[in-house]
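**Q** The structure's right below; bear with me while I get my questions together.
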Amino acid sequence: MAEELSGRAYALVAEALAKARENRLFIATAESCTGGLVAGALTAVPGSSSAFDRGFVTYSNEAKADMLGVDPALIASHGAVSKEVAFAMAKGALTRSNAGITVSITGVAGPDGGSAEKPVGLVHFAAARTTGSGVSLLHREERFGGIGRAEIRARSVETALVLLIEAASREHSQDDEG
C-alpha cells in the first residue's frame with residue numbers, strides 16, 4: 001500500500017506521523033473533496049496505528065452536520081467550500097474523536113461545480129489542535145485551478161499533510177487565520 005504514495009506524499013506522511021507521536025497526539029481527518037484520501041495516505045504507512053485515530057468522510061452537507069456537528073446555518077451562509085466550514089469540520093473532528101490534532105479539507109475538485117466566486121480548484125484546509133488553553137487553529141486556502149480532478153485531489157492530500165505537520169510542530173496560543 002505504501003508504494004501507492006508518491007515519494008513526496010510518503011515522506012510527508014512519515015513526518016506527520018512522527019510529529020504526532022513526538023507530541024503524543026492522535027490524528028483524525030475530516031474530508032470532503034478528497035473522499036478519505038488523506039486518511040488512506042496516513043494509514044498506508046506501517047506503524048500508523050500508533051498515531052492515527054480515525055477519518056471522517058463528509059462529502060455531503062448533511063454528513064458534515066451529522067458526523068462533525070457543522071451547523072447547517074454556517075454552510076448556508078458561507079457555503080460548504082469556505083474557511084468557516086473548514087474550521088468547523090476540524091473542530092468537529094477534534095470533539096468527536098480521540099485525536100489531539102485534526103485536519104479538514106473542503107473544496108471544488110471539478111470538473112463541474114465551480115462558480116465565479118468558488119472556481120474549480122478552490123480548496124480550504126484547516127487544522128485544529130488541543131492546547132493547554134483550548135484549541136488552536138490554522139487555515140490554508142489553495143486555488144489549484146483547472147488542473148484536473150485527480151491532480152486537485154492529489155495536491156490537496158499533500159497540502160493537508162503539510163498543514164498537519166505545521167500544526168503538530170508547534171502549539172499556537174490563538175487562532176491563526178492566515
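Letters for chains follow the order of the C-alpha cells (A, B, ...), residue numbers begin at 1 for each chain, and ligand numbers begin at 1 in the order shown.
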Just list as a ChimeraX atom specification whatever in chain A DSSP marks as alpha helix (DSSP H).

**A** /A:7-22,37-43,61-68,72-78,83-95,149-169

**Q** Taking a cut-off of 8 Å and counting only C-alpha atoms, can you build a table that, for each residue of region 71-168 of chain A near region 45-60 of chain A, reports the nearest atom pair and how far apart they are in Å (one decimal), sorted by chain then residue number, as a tab-separated table?

**A**
```
residue	atom	partner	partner_atom	distance
A:Ala93	CA	A:Phe56	CA	7.4
A:Ser97	CA	A:Arg54	CA	7.2
A:Asn98	CA	A:Asp53	CA	6.5
A:Ala99	CA	A:Asp53	CA	6.1
```

**Q** Please dump the current selection as an mmCIF file, in the first residue's frame; keep all heavy atoms.

**A**
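Okay, selection20.cif is ready:
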```cif
data_model
loop_
_atom_site.group_PDB
_atom_site.id
_atom_site.type_symbol
_atom_site.label_atom_id
_atom_site.label_comp_id
_atom_site.auth_asym_id
_atom_site.auth_seq_id
_atom_site.Cartn_x
_atom_site.Cartn_y
_atom_site.Cartn_z
ATOM 1 N N ALA A 93 -14.153 17.290 14.192
ATOM 2 C CA ALA A 93 -13.373 16.052 14.235
ATOM 3 C C ALA A 93 -12.622 15.939 15.563
ATOM 4 O O ALA A 93 -12.478 14.842 16.105
ATOM 5 C CB ALA A 93 -12.399 16.002 13.056
ATOM 6 N N SER A 97 -13.685 12.650 18.328
ATOM 7 C CA SER A 97 -12.677 11.600 18.185
ATOM 8 C C SER A 97 -11.792 11.587 19.430
ATOM 9 O O SER A 97 -11.987 12.382 20.343
ATOM 10 C CB SER A 97 -11.820 11.863 16.937
ATOM 11 O OG SER A 97 -10.958 12.973 17.147
ATOM 12 N N ASN A 98 -10.814 10.715 19.411
ATOM 13 C CA ASN A 98 -9.807 10.660 20.469
ATOM 14 C C ASN A 98 -8.543 11.388 20.046
ATOM 15 O O ASN A 98 -7.490 11.210 20.657
ATOM 16 C CB ASN A 98 -9.480 9.201 20.805
ATOM 17 C CG ASN A 98 -10.679 8.478 21.362
ATOM 18 O OD1 ASN A 98 -11.407 9.013 22.181
ATOM 19 N ND2 ASN A 98 -10.908 7.265 20.892
ATOM 20 N N ALA A 99 -8.649 12.192 19.002
ATOM 21 C CA ALA A 99 -7.480 12.877 18.449
ATOM 22 C C ALA A 99 -7.177 14.159 19.206
ATOM 23 O O ALA A 99 -8.068 14.806 19.751
ATOM 24 C CB ALA A 99 -7.719 13.200 16.976
#
```

**Q** Need the shell around Gly121 (chain A): protein/DNA/RNA residues with any atom at most 8 Å away, counting only C-alpha atoms. Skip same-chain ones fewer than 6 positions apart. Format as a ChimeraX atom specification?

**A** /A:107-110,142-147,152

**Q** Keeping only C-alpha atoms, write those residues as a PDB file, in the first residue's frame.

**A**
```
ATOM      1  CA  GLY A 107     -13.162  22.199  -1.942  1.00  0.00           C
ATOM      2  CA  VAL A 108     -14.263  22.067  -5.554  1.00  0.00           C
ATOM      3  CA  ALA A 109     -12.372  19.262  -7.308  1.00  0.00           C
ATOM      4  CA  GLY A 110     -14.334  19.562 -10.559  1.00  0.00           C
ATOM      5  CA  GLU A 142      -5.374  26.998  -2.280  1.00  0.00           C
ATOM      6  CA  ARG A 143      -6.520  27.830  -5.782  1.00  0.00           C
ATOM      7  CA  PHE A 144      -5.107  24.989  -7.836  1.00  0.00           C
ATOM      8  CA  GLY A 145      -7.018  25.999 -10.965  1.00  0.00           C
ATOM      9  CA  GLY A 146      -8.443  23.684 -13.571  1.00  0.00           C
ATOM     10  CA  ILE A 147      -5.624  21.125 -13.446  1.00  0.00           C
ATOM     11  CA  ILE A 152      -6.500  18.709  -7.425  1.00  0.00           C
TER      12      ILE A 152
END
```

**Q** For the interface of region 123-155 of chain A with region 83-91 of chain A (cut-off 8 Å, counting only C-alpha atoms), please tabulate each contacting residue of region 123-155 of chain A alongside its nearest pair of atoms and their separation in Å to one decimal, rows sorted by chain and increasing number, as CSV.

**A**
```
residue,atom,partner,partner_atom,distance
A:His124,CA,A:Lys83,CA,5.8
A:Phe125,CA,A:Ala86,CA,5.9
A:Ala126,CA,A:Ala86,CA,5.4
A:Ala127,CA,A:Ala90,CA,5.9
A:Ala128,CA,A:Ala90,CA,5.5
A:Leu137,CA,A:Phe87,CA,7.4
A:His139,CA,A:Lys83,CA,7.1
A:Glu141,CA,A:Lys83,CA,7.7
```

**Q** Could those residues be written to a file, using C-alpha atoms, as a short mmCIF file (atom, residue, chain, number, x, y, z; two decimals), in the first residue's frame?

**A**
```cif
data_model
loop_
_atom_site.label_atom_id
_atom_site.label_comp_id
_atom_site.auth_asym_id
_atom_site.auth_seq_id
_atom_site.Cartn_x
_atom_site.Cartn_y
_atom_site.Cartn_z
CA HIS A 124 -9.92 25.26 2.05
CA PHE A 125 -7.87 23.41 4.67
CA ALA A 126 -7.93 23.73 8.45
CA ALA A 127 -6.05 22.11 11.29
CA ALA A 128 -7.18 22.06 14.90
CA LEU A 137 -6.45 26.64 14.53
CA HIS A 139 -6.09 27.69 7.81
CA GLU A 141 -6.63 28.37 1.01
#
```

**Q** Work out how far CA of Thr159 (chain A) is from CA of Gly114 (chain A), in Å to one decimal.

**A** 20.3 Å

**Q** Please compute the CA of Asp112 (chain A)-CA of Ala44 (chain A) distance, one decimal, in Å.

**A** 29.7 Å

**Q** Using DSSP on the backbone coordinates, identify the residues of region 1-57 of chain A assigned to strand (DSSP E); present them as a list in words.

**A**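 So the strand (DSSP E) residues in region 1-57 of chain A would be Ile27, Ala28, Thr29, Ala30, Glu31, Phe52, Asp53, Arg54, Gly55, Phe56 and Val57 of chain A.
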
**Q** Pick out the closest residue to Ser104 (chain A) from this set: A:Arg170, A:Arg129, A:Lys118, A:Arg24. Count only C-alpha atoms.

**A**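 Residue with the minimum atom-to-atom distance to Ser104 (chain A): A:Arg129.
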
**Q** In Å, with one decimal, what is the gap from CA of His78 (chain A) to CA of Leu138 (chain A)?

**A**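 Computing it gives 18.1 Å between the two atoms.
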
**Q** From the list A:Arg96, A:Lys64, A:Arg8, A:Arg153, which residue is nearest Ala28 (chain A) when using only C-alpha atoms?

**A**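 Between A:Arg96, A:Lys64, A:Arg8, A:Arg153, the residue approaching Ala28 (chain A) most closely is A:Arg96.
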
**Q** Please determine, counting only C-alpha atoms, which residue among A:Ile101, A:Ser156, A:Leu5, A:Glu31 has the shortest atom-to-atom distance to Met67 (chain A).

**A**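 Of the candidates, the smallest distance to Met67 (chain A) is held by A:Glu31.
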